[in-house]
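One structure is given here, and the rest of the page talks about it.
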Amino acid sequence: MFKFTLNQNDVAVDADKNLLEYLREDAHLISVKDGCAEGVCGSCSVLVDGKAWRTCKLTIAKVQGKAVTTLEGLSTREKMIYSWAFGEVGAVQCGFCMPGVVISAKSLLDQNLSPTSAEIKNALRYNLCRCTGYLKIERAIQLASQALRDGEIFSAEAARPKWERAWFAWTLKISCWGQVNLSMI
């Protein structure tokens with residue numbers, strides 16, 4: 001019998017098996033994705049005692065006595081902040097990798113609420129995103145860190161430096177309307 005904590009609940013599992021398989025098939029947690037089954041993509045990431053791990057490479061025996069947290073185990077406030085931050089900057093497209101990315105972000109932000117760009121990139125080194133691109137994801141993590149630090153949600157636009165807001169306005173007008181609009185907003 002293997003015992004561990006899953007999303008703040010004590011669980012006991014009779015047989016040792018792959019953690020990803022257990023979480024998806026037995027615990028019915030859908031945030032943990034099977035993207036590669038080789039530990040490369042990060043879509044199956046969870047927190048094990050606060051550190052991001054890829055479940056496709058873990059067994060139940062390796063998490064015995066530990067605390068495992070999936071995206072479903074985040075607090076309502078954390079879910080709201082991460083959803084807002086990633087949506088605010090357009091860092092989500094297909095969404096397949098996002099649970100793993102958020103888990104990696106949470107692992108980082110639980111240790112450091114003012115991460116540098118290099119620290120964010122390092123935290124994301126085991127997460128592959130084929131749709132969005134990492135600049136938006138990095139910006140979303142910066143926005144989430146600011147919201148977690150300050151305790152409030154605000155407009156991502158207001159958090160941008162003035163010069164960046166002007167550049168973003170031009171970029172937004174070009175991409176949204178398909179043509180260059182020469183007026184600034």
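Naming works like this for the structure tokens: A, B, ... for the chains as they're shown, residue 1 at the start of each chain, ligands 1 onward in shown order.
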
List as a Markdown table every residue of region 107-135 of chain A that is in contact with region 53-74 of chain A, defined as an atom at most 12 Å from one of its atoms (using only C-alpha atoms), together with the nearest atom pair and the distance in Å rounded to one decimal, sorted by chain and then rising number.
```
| residue | atom | partner | partner_atom | distance |
| --- | --- | --- | --- | --- |
| A:Ser107 | CA | A:Trp53 | CA | 9.8 |
| A:Asp110 | CA | A:Leu74 | CA | 11.8 |
| A:Ala123 | CA | A:Trp53 | CA | 11.3 |
| A:Leu124 | CA | A:Trp53 | CA | 11.8 |
| A:Tyr126 | CA | A:Arg54 | CA | 8.7 |
| A:Asn127 | CA | A:Arg54 | CA | 9.7 |
```

Could the residues in this selection be saved with N, CA and C atoms as a tab-separated table (two decimals), in the first residue's frame?
```tsv
chain	number	residue	atom	x	y	z
A	107	SER	N	5.47	26.69	-9.17
A	107	SER	CA	6.66	26.21	-8.48
A	107	SER	C	7.67	27.35	-8.32
A	110	ASP	N	6.07	30.33	-6.02
A	110	ASP	CA	5.99	29.98	-4.59
A	110	ASP	C	7.33	30.24	-3.90
A	123	ALA	N	12.64	28.15	-15.31
A	123	ALA	CA	11.51	27.39	-14.76
A	123	ALA	C	10.72	26.69	-15.87
A	124	LEU	N	10.72	27.27	-17.06
A	124	LEU	CA	9.95	26.72	-18.18
A	124	LEU	C	10.77	25.79	-19.08
A	126	TYR	N	11.48	22.78	-19.13
A	126	TYR	CA	10.93	21.44	-19.42
A	126	TYR	C	9.51	21.51	-19.98
A	127	ASN	N	9.06	22.67	-20.39
A	127	ASN	CA	7.71	22.83	-20.95
A	127	ASN	C	7.82	23.21	-22.42
```

DSSP on the backbone, then: every residue of region 30-140 of chain A marked strand (DSSP E or B), written as a ChimeraX atom specification. /A:45-48,51-54,59,67-69

Counting only C-alpha atoms, the residue of A:Tyr82, A:Phe2, A:Phe96, A:Tyr134 that sits nearest Val32 (chain A):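 Closest to Val32 (chain A) of all the choices is A:Phe96.
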
List every residue of region 4-172 of chain A that DSSP, applied to the backbone of this structure, places in helix (DSSP H, G or I), and write the result as JSON, numbers by chain. {"A": [19, 20, 21, 22, 23, 24, 25, 26, 55, 56, 57, 60, 61, 62, 63, 71, 72, 73, 76, 77, 78, 79, 80, 81, 82, 83, 84, 85, 86, 87, 88, 98, 99, 100, 101, 102, 103, 104, 105, 106, 107, 108, 109, 110, 111, 117, 118, 119, 120, 121, 122, 123, 134, 135, 136, 137, 138, 139, 140, 141, 142, 143, 144, 145, 146, 147, 148, 149, 150, 156, 157, 158, 159, 162, 163, 164, 165, 166, 167, 168, 169, 170, 171, 172]}

Name the residues in contact with Leu23 (chain A) at a cut-off of 10 Å, using only C-alpha atoms, excluding same-chain residues fewer than 2 positions from it; report them as a list in words.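 In the requested format, the answer is Leu6, Asn18, Leu19, Leu20, Glu21, Glu25, Asp26, Ala27, His28, Leu29, Ile30, Ser31, Val32, Lys33, Cys44, Thr55, Ile60 and Thr70 of chain A.
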
Nearest to Asp34 (chain A): which of A:Cys97, A:Leu109, A:Ile141, A:Cys131 is it, counting only C-alpha atoms? A:Cys97

Give one line per residue of region 34-117 of chain A that approaches region 142-148 of chain A to at most 8 Å, naming the two atoms of the closest pair and their distance in Å to one decimal, counting only C-alpha atoms; sort by chain then ascending residue number and deliver it as a Markdown table.
```
| residue | atom | partner | partner_atom | distance |
| --- | --- | --- | --- | --- |
| A:Ile81 | CA | A:Ala144 | CA | 6.0 |
| A:Tyr82 | CA | A:Ala144 | CA | 6.0 |
| A:Ala85 | CA | A:Ala144 | CA | 5.4 |
| A:Leu109 | CA | A:Ser145 | CA | 6.5 |
| A:Leu113 | CA | A:Ser145 | CA | 5.3 |
| A:Ser114 | CA | A:Ser145 | CA | 6.5 |
| A:Pro115 | CA | A:Gln142 | CA | 7.5 |
```

Would you export the selected residues with C-alpha atoms as a PDB file, in the first residue's frame, please?
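Produced file part27.pdb, reproduced below:
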```
ATOM      1  CA  ILE A  81      -4.872  34.914 -11.069  1.00  0.00           C
ATOM      2  CA  TYR A  82      -3.242  32.459 -13.469  1.00  0.00           C
ATOM      3  CA  ALA A  85      -2.772  36.650 -16.378  1.00  0.00           C
ATOM      4  CA  LEU A 109       6.441  31.895  -7.848  1.00  0.00           C
ATOM      5  CA  LEU A 113       7.485  36.465  -6.379  1.00  0.00           C
ATOM      6  CA  SER A 114       9.861  38.750  -8.292  1.00  0.00           C
ATOM      7  CA  PRO A 115      11.555  36.438 -10.797  1.00  0.00           C
TER       8      PRO A 115
END
```
